[in-house]
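What follows is one structure encoded as structure tokens, with my remarks underneath.
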Amino acid sequence: MDYSKELERLNKYQKEAVFDESNACIVNANVGSGKTTVLISKIEYLHYEKNINYKDMVVLTFTNKAANEIKERLISLDNSIKHEELENFGTFHSTALHLLKSALPIDKIGYTKDFLVIEPEEELDIAMQIVQENKLKVKYKNRLKKRLEEAAGISEGEEKISRYNDDIFELVRLLKEEKIKQNKMSFSDILKNANLLLDDGSVRPKWIIIDEVQDSDNLQLEFIHKLKSGSTKLFAVGDPNQVIYSWRGGSLNVFYTLKNKYAAKELSLPINYRSSTSILEAAKCFLDDGNSLKGIREQGSKIVVKNQYNPFNEACYLADKIKEIHKSGVPYNEIAVFYRLQNQSKVFEDVFFKNEIPYELSLKKNIRDISVLNWVIKLLRFSVNTNDLSSAEYVLSSKEYGERITEKEARKIVKGQRLDKPDLFIKMQEFTLKCSQITKEEELYNYFNFDKYIRPTAATYIEDKEAICTLLHIIMEYVKERKMTFLDGLKDFINSSVLYGVNILKKDIDSNKESVKLMTLHASKGLEFSHVFIVGINYGLIPLQSKCMEEEEEEKRLFFVGITRAKDYLELSYYTNPDYYRATPGESLYIHMIPQQLIESDEVKNSNVSLQELKKQIQEEKNQNKKDETAAEPVNKIPIKRVKHKKYGIGKVIKEDDMMVEVEFENYGVKEFIKAFSELELL
């Protein structure tokens, strides 16, 4: 294939990284510098110029979306590429899972190739059952997940004494045995077991290529090390300025660790192609070394800083603003609203919906979040793996679906202590023997007679049936796409649904869909938009209150990530009345960190009182009103009068004083305004 035109588009820094063939190369890729382009060009260069087979590369990412983007790009250039050629292209967990299923001798540690992956919640369920059955003394069960992780992290040679004088280490031992018995692995087990079995040298790729390497935790670094032999070459790309997942194990020391461990060559991609100069200059204020960030675009418009009274007022303002922007020719999918906490989205959802503004919400939910699908998946898990006793107990004893028997009776059935077995249990037990003829979702639905177990008389019947049919359709499409036998494809799907979830709720962001994107700052990573609004820049929201210097620094890096998603227009806002109990009224320090010459302030000018002073006066007035109400009957009632607001329409004043006015609107309820900000017209 001639892809010279692709290479011609690269700048000198990008070409240096693509052509480098050092034993190990670490590329410090500044935000917006074409990291993904370099990564894909590197893979193409190795394959087409150096004749490296895709099967001899391991390409590691941190999201399934990133892995799919790379695969789709390669296939678009050459549609003769087969799916199995790219099986080692994926997240750390999916790649480790593939190796355990296909290449590593897992029988050495007691597992079989058809093991299932379990979510952390299911692992906790198994642990709690072990505690009950073995009458173990385990303290602080509300922190059991963390305690199990800590206890399991103590190596064999170390002394294992519980500081709480309980049976936590015995629980770890029994849990490990039970998972092997049920042929199940947790997320951490996948990497731990892969690392353990990679010691035999059975898997030795020619190249390891890593995206977003700065997010690697210790288990992932060990996985890289176990894959890398003396002849295996390493190429890793990342940005230390975008370490925003330290709570998940990411570390600022990854670059240092890799560089020193492998005497790695260090390169950089310093040029940002995405953002205007004004936006980049603002972003630099949140870096320790802002000088390393270079841009080539024009100055662009200044950053707008806007004060809003509260989140509802802002949502109404943004509805109008976004309509304006869209009318000027900007597609909805080039507009995004970022916030710090997921629950901040609700007010924007409500107002945008009422104003008929199409929007998408980035909210990671999966099958487990829908009760009927959680039940169906557990039913399928036991059907393909009859050692999965906990899933069988759940299916039989569910209070909403299935046989609806007690947990005690369900346990007797799955352990063979009852001769009479319910029809559903028999169906699950016989599934692997009878499923070979299933080719359609209707056949799968009818095999289990789901209608009987989701109750046609139930209020949720239609909704539940639609959800099940959708899931079964996704399963059948998944099996067909991978050209696997039905049983093997179903097992593969069940594991994939645990690793990635399934977009059954249609809540993942589709960048191409014509809609405004609503998301947290964390969810914005890796994306870009022409117009970005970051809301709630009040201390307690942006940034969140921090317990230590490391958390404070991570909050700054997170804000940096949000700012650098913007290409052309960036608007920052804060609240006088935040409506969040931990948030402080008024702008946080982050606003003051941006040089004044970069800012276009867009505050209301018709008051001589500062916002902080205004807030103080309002609170004092409210406190005084409360005292007056308890001391005497209400006086000075406000005569009923009607007012008009451009957003809420016509309403009636129900309370008023020198500072504030409360108005009741027909469709919006009671709203409170500072008179200086109210924009009310007296009728």
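Here's how to read the names in the structure tokens: chain A, B, ... by the order shown, residue numbers from 1 in each chain, ligand numbers from 1 in the order shown.
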Please report as a tab-separated table every residue of range 144-241 of chain A lying within 12 Å of range 561-578 of chain A, along with the nearest atom pair and their distance in Å (one decimal), using only C-alpha atoms.
```
residue	atom	partner	partner_atom	distance
A:Asp239	CA	A:Val561	CA	10.7
A:Pro240	CA	A:Val561	CA	11.3
A:Asn241	CA	A:Val561	CA	8.3
```
Test item: residues at most 12 Å from Glu553 in chain A, only C-alpha atoms, excluding those fewer than 2 positions along its chain, as a PDB file with N, CA and C atoms, in the first residue's frame:
```
ATOM      1  N   PRO A 240       1.781  13.698  30.519  1.00  0.00           N
ATOM      2  CA  PRO A 240       1.732  13.795  31.984  1.00  0.00           C
ATOM      3  C   PRO A 240       0.795  14.889  32.476  1.00  0.00           C
ATOM      4  N   ASN A 241       0.521  15.877  31.629  1.00  0.00           N
ATOM      5  CA  ASN A 241      -0.393  16.958  32.021  1.00  0.00           C
ATOM      6  C   ASN A 241      -1.841  16.497  32.072  1.00  0.00           C
ATOM      7  N   GLN A 242      -2.108  15.279  31.597  1.00  0.00           N
ATOM      8  CA  GLN A 242      -3.476  14.785  31.587  1.00  0.00           C
ATOM      9  C   GLN A 242      -3.657  13.578  32.511  1.00  0.00           C
ATOM     10  N   VAL A 243      -2.855  13.517  33.578  1.00  0.00           N
ATOM     11  CA  VAL A 243      -3.066  12.490  34.602  1.00  0.00           C
ATOM     12  C   VAL A 243      -4.234  12.950  35.475  1.00  0.00           C
ATOM     13  N   ILE A 244      -5.416  12.385  35.242  1.00  0.00           N
ATOM     14  CA  ILE A 244      -6.611  12.799  35.986  1.00  0.00           C
ATOM     15  C   ILE A 244      -7.327  11.604  36.611  1.00  0.00           C
ATOM     16  N   TYR A 245      -6.628  10.475  36.662  1.00  0.00           N
ATOM     17  CA  TYR A 245      -7.237   9.269  37.226  1.00  0.00           C
ATOM     18  C   TYR A 245      -6.346   8.653  38.298  1.00  0.00           C
ATOM     19  N   SER A 246      -5.713   9.472  39.128  1.00  0.00           N
ATOM     20  CA  SER A 246      -4.811   8.912  40.141  1.00  0.00           C
ATOM     21  C   SER A 246      -5.569   8.013  41.111  1.00  0.00           C
ATOM     22  N   LEU A 252       1.996  10.202  37.970  1.00  0.00           N
ATOM     23  CA  LEU A 252       2.874  11.122  37.243  1.00  0.00           C
ATOM     24  C   LEU A 252       4.237  10.491  36.984  1.00  0.00           C
ATOM     25  N   PHE A 286      -2.416  26.548  34.061  1.00  0.00           N
ATOM     26  CA  PHE A 286      -2.729  25.411  34.932  1.00  0.00           C
ATOM     27  C   PHE A 286      -1.706  24.283  34.791  1.00  0.00           C
ATOM     28  N   LEU A 287      -0.565  24.610  34.170  1.00  0.00           N
ATOM     29  CA  LEU A 287       0.533  23.654  34.024  1.00  0.00           C
ATOM     30  C   LEU A 287       1.735  24.135  34.814  1.00  0.00           C
ATOM     31  N   ASP A 288       2.550  23.200  35.304  1.00  0.00           N
ATOM     32  CA  ASP A 288       3.796  23.570  35.973  1.00  0.00           C
ATOM     33  C   ASP A 288       4.781  24.164  34.978  1.00  0.00           C
ATOM     34  N   PRO A 543     -12.486  24.116  41.734  1.00  0.00           N
ATOM     35  CA  PRO A 543     -12.154  22.721  42.030  1.00  0.00           C
ATOM     36  C   PRO A 543     -13.000  22.166  43.184  1.00  0.00           C
ATOM     37  N   LEU A 544     -13.064  20.827  43.256  1.00  0.00           N
ATOM     38  CA  LEU A 544     -13.634  20.191  44.433  1.00  0.00           C
ATOM     39  C   LEU A 544     -12.719  20.444  45.624  1.00  0.00           C
ATOM     40  N   GLN A 545     -13.277  20.368  46.817  1.00  0.00           N
ATOM     41  CA  GLN A 545     -12.438  20.505  48.001  1.00  0.00           C
ATOM     42  C   GLN A 545     -11.452  19.344  48.049  1.00  0.00           C
ATOM     43  N   SER A 546     -10.199  19.658  48.289  1.00  0.00           N
ATOM     44  CA  SER A 546      -9.138  18.641  48.253  1.00  0.00           C
ATOM     45  C   SER A 546      -8.577  18.387  49.644  1.00  0.00           C
ATOM     46  N   LYS A 547      -8.143  17.151  49.859  1.00  0.00           N
ATOM     47  CA  LYS A 547      -7.593  16.767  51.150  1.00  0.00           C
ATOM     48  C   LYS A 547      -6.080  16.955  51.212  1.00  0.00           C
ATOM     49  N   CYS A 548      -5.439  17.033  50.049  1.00  0.00           N
ATOM     50  CA  CYS A 548      -3.983  17.116  50.025  1.00  0.00           C
ATOM     51  C   CYS A 548      -3.527  17.840  48.754  1.00  0.00           C
ATOM     52  N   MET A 549      -2.232  18.142  48.709  1.00  0.00           N
ATOM     53  CA  MET A 549      -1.665  18.855  47.569  1.00  0.00           C
ATOM     54  C   MET A 549      -1.810  18.064  46.274  1.00  0.00           C
ATOM     55  N   GLU A 550      -1.672  16.724  46.346  1.00  0.00           N
ATOM     56  CA  GLU A 550      -1.788  15.896  45.143  1.00  0.00           C
ATOM     57  C   GLU A 550      -3.182  16.015  44.524  1.00  0.00           C
ATOM     58  N   GLU A 551      -4.206  16.028  45.368  1.00  0.00           N
ATOM     59  CA  GLU A 551      -5.575  16.171  44.864  1.00  0.00           C
ATOM     60  C   GLU A 551      -5.789  17.554  44.247  1.00  0.00           C
ATOM     61  N   GLU A 555      -6.892  18.358  40.363  1.00  0.00           N
ATOM     62  CA  GLU A 555      -8.021  19.214  39.992  1.00  0.00           C
ATOM     63  C   GLU A 555      -7.601  20.241  38.943  1.00  0.00           C
ATOM     64  N   LYS A 556      -6.411  20.783  39.105  1.00  0.00           N
ATOM     65  CA  LYS A 556      -5.895  21.746  38.112  1.00  0.00           C
ATOM     66  C   LYS A 556      -5.699  21.077  36.757  1.00  0.00           C
ATOM     67  N   ARG A 557      -5.146  19.874  36.768  1.00  0.00           N
ATOM     68  CA  ARG A 557      -4.932  19.160  35.498  1.00  0.00           C
ATOM     69  C   ARG A 557      -6.267  18.826  34.837  1.00  0.00           C
ATOM     70  N   LEU A 558      -7.269  18.505  35.662  1.00  0.00           N
ATOM     71  CA  LEU A 558      -8.596  18.196  35.125  1.00  0.00           C
ATOM     72  C   LEU A 558      -9.200  19.428  34.451  1.00  0.00           C
ATOM     73  N   PHE A 559      -9.046  20.586  35.074  1.00  0.00           N
ATOM     74  CA  PHE A 559      -9.546  21.829  34.480  1.00  0.00           C
ATOM     75  C   PHE A 559      -8.787  22.138  33.184  1.00  0.00           C
ATOM     76  N   PHE A 560      -7.497  21.859  33.186  1.00  0.00           N
ATOM     77  CA  PHE A 560      -6.680  22.017  31.973  1.00  0.00           C
ATOM     78  C   PHE A 560      -7.231  21.158  30.840  1.00  0.00           C
TER      79      PHE A 560
END
```
Next item on the list: List every residue of range 105-278 of chain A that DSSP, applied to the backbone of this structure, places in alpha helix (DSSP H), and write the result as number ranges by chain.
Entry: A: 120-133, 144-152, 168-181, 187-197, 218-227, 254-261, 277-278
Next item on the list: Can you work out the spacing between CA of Leu293 in chain A and CA of Pro270 in chain A in Å, to one decimal?
Entry: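 We find that CA of Leu293 in chain A and CA of Pro270 in chain A lie 5.9 Å from each other.
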Margin query: I'd like the neighbourhood of range 253-262 of chain A as a ChimeraX atom specification, where a residue qualifies if any of its atoms comes within 10 Å (using only C-alpha atoms), though same-chain residues fewer than 5 positions away should be ignored.
Written below: /A:23-28,213-218,221,224-225,228,230,233-234,236-240
Interface rows for range 486-601 of chain A against range 80-93 of chain A: nearest pair, Å to one decimal, 12 Å, only C-alpha atoms, as CSV:
```
residue,atom,partner,partner_atom,distance
A:Asn495,CA,A:His93,CA,10.8
A:Ser496,CA,A:His93,CA,10.2
A:Val498,CA,A:His93,CA,10.9
A:Leu499,CA,A:His93,CA,7.6
A:Tyr500,CA,A:Thr91,CA,9.8
```
Next item on the list: as JSON, numbers by chain, list the residues of range 122-238 of chain A assigned to strand (DSSP E or B) by DSSP on the backbone atoms of this structure.
Entry: {"A": [184, 185, 207, 208, 209, 210, 233, 234, 235, 236, 237, 238]}
Check: To one decimal place, how far is CA of Leu77 in chain A from CA of Arg9 in chain A in Å?
Finding: 16.0 Å
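The nearest approach to Ser524 in chain A among the residues A:Ala282, A:Leu396, A:Ala336, A:Ala263, with only C-alpha atoms taken into account, belongs to A:Ala336.
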Note to self: Can you pull out the residues contacting Leu269 in chain A? Cut-off 7 Å, using only C-alpha atoms, and skip same-chain residues under 6 positions away; I want them as JSON, numbers by chain.
What the structure shows: {"A": [13, 14, 28, 29, 30, 33]}
Since we have the selection now, will you write its residues out, keeping N, CA, C and O atoms, as an mmCIF file, in the first residue's frame?
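Heads up, here's the output in part-v3.cif:
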```cif
data_model
loop_
_atom_site.group_PDB
_atom_site.id
_atom_site.type_symbol
_atom_site.label_atom_id
_atom_site.label_comp_id
_atom_site.auth_asym_id
_atom_site.auth_seq_id
_atom_site.Cartn_x
_atom_site.Cartn_y
_atom_site.Cartn_z
ATOM 1 N N TYR A 13 8.204 16.677 14.080
ATOM 2 C CA TYR A 13 8.183 15.979 15.371
ATOM 3 C C TYR A 13 7.408 14.673 15.250
ATOM 4 O O TYR A 13 7.810 13.639 15.797
ATOM 5 N N GLN A 14 6.308 14.705 14.539
ATOM 6 C CA GLN A 14 5.488 13.510 14.351
ATOM 7 C C GLN A 14 6.239 12.460 13.533
ATOM 8 O O GLN A 14 6.208 11.273 13.851
ATOM 9 N N ASN A 28 6.221 12.253 24.598
ATOM 10 C CA ASN A 28 5.439 13.200 25.395
ATOM 11 C C ASN A 28 4.605 14.037 24.439
ATOM 12 O O ASN A 28 5.112 14.948 23.789
ATOM 13 N N ALA A 29 3.325 13.698 24.337
ATOM 14 C CA ALA A 29 2.452 14.326 23.341
ATOM 15 C C ALA A 29 1.591 15.394 23.999
ATOM 16 O O ALA A 29 0.680 15.076 24.769
ATOM 17 N N ASN A 30 1.898 16.659 23.711
ATOM 18 C CA ASN A 30 1.074 17.737 24.246
ATOM 19 C C ASN A 30 -0.358 17.633 23.742
ATOM 20 O O ASN A 30 -0.613 17.086 22.661
ATOM 21 N N SER A 33 -1.874 17.656 19.879
ATOM 22 C CA SER A 33 -0.689 17.611 19.014
ATOM 23 C C SER A 33 -0.735 16.489 17.982
ATOM 24 O O SER A 33 0.258 16.228 17.302
#
```
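Atom to atom, CA of Asp107 in chain A and CA of Leu196 in chain A stand 12.5 Å apart.
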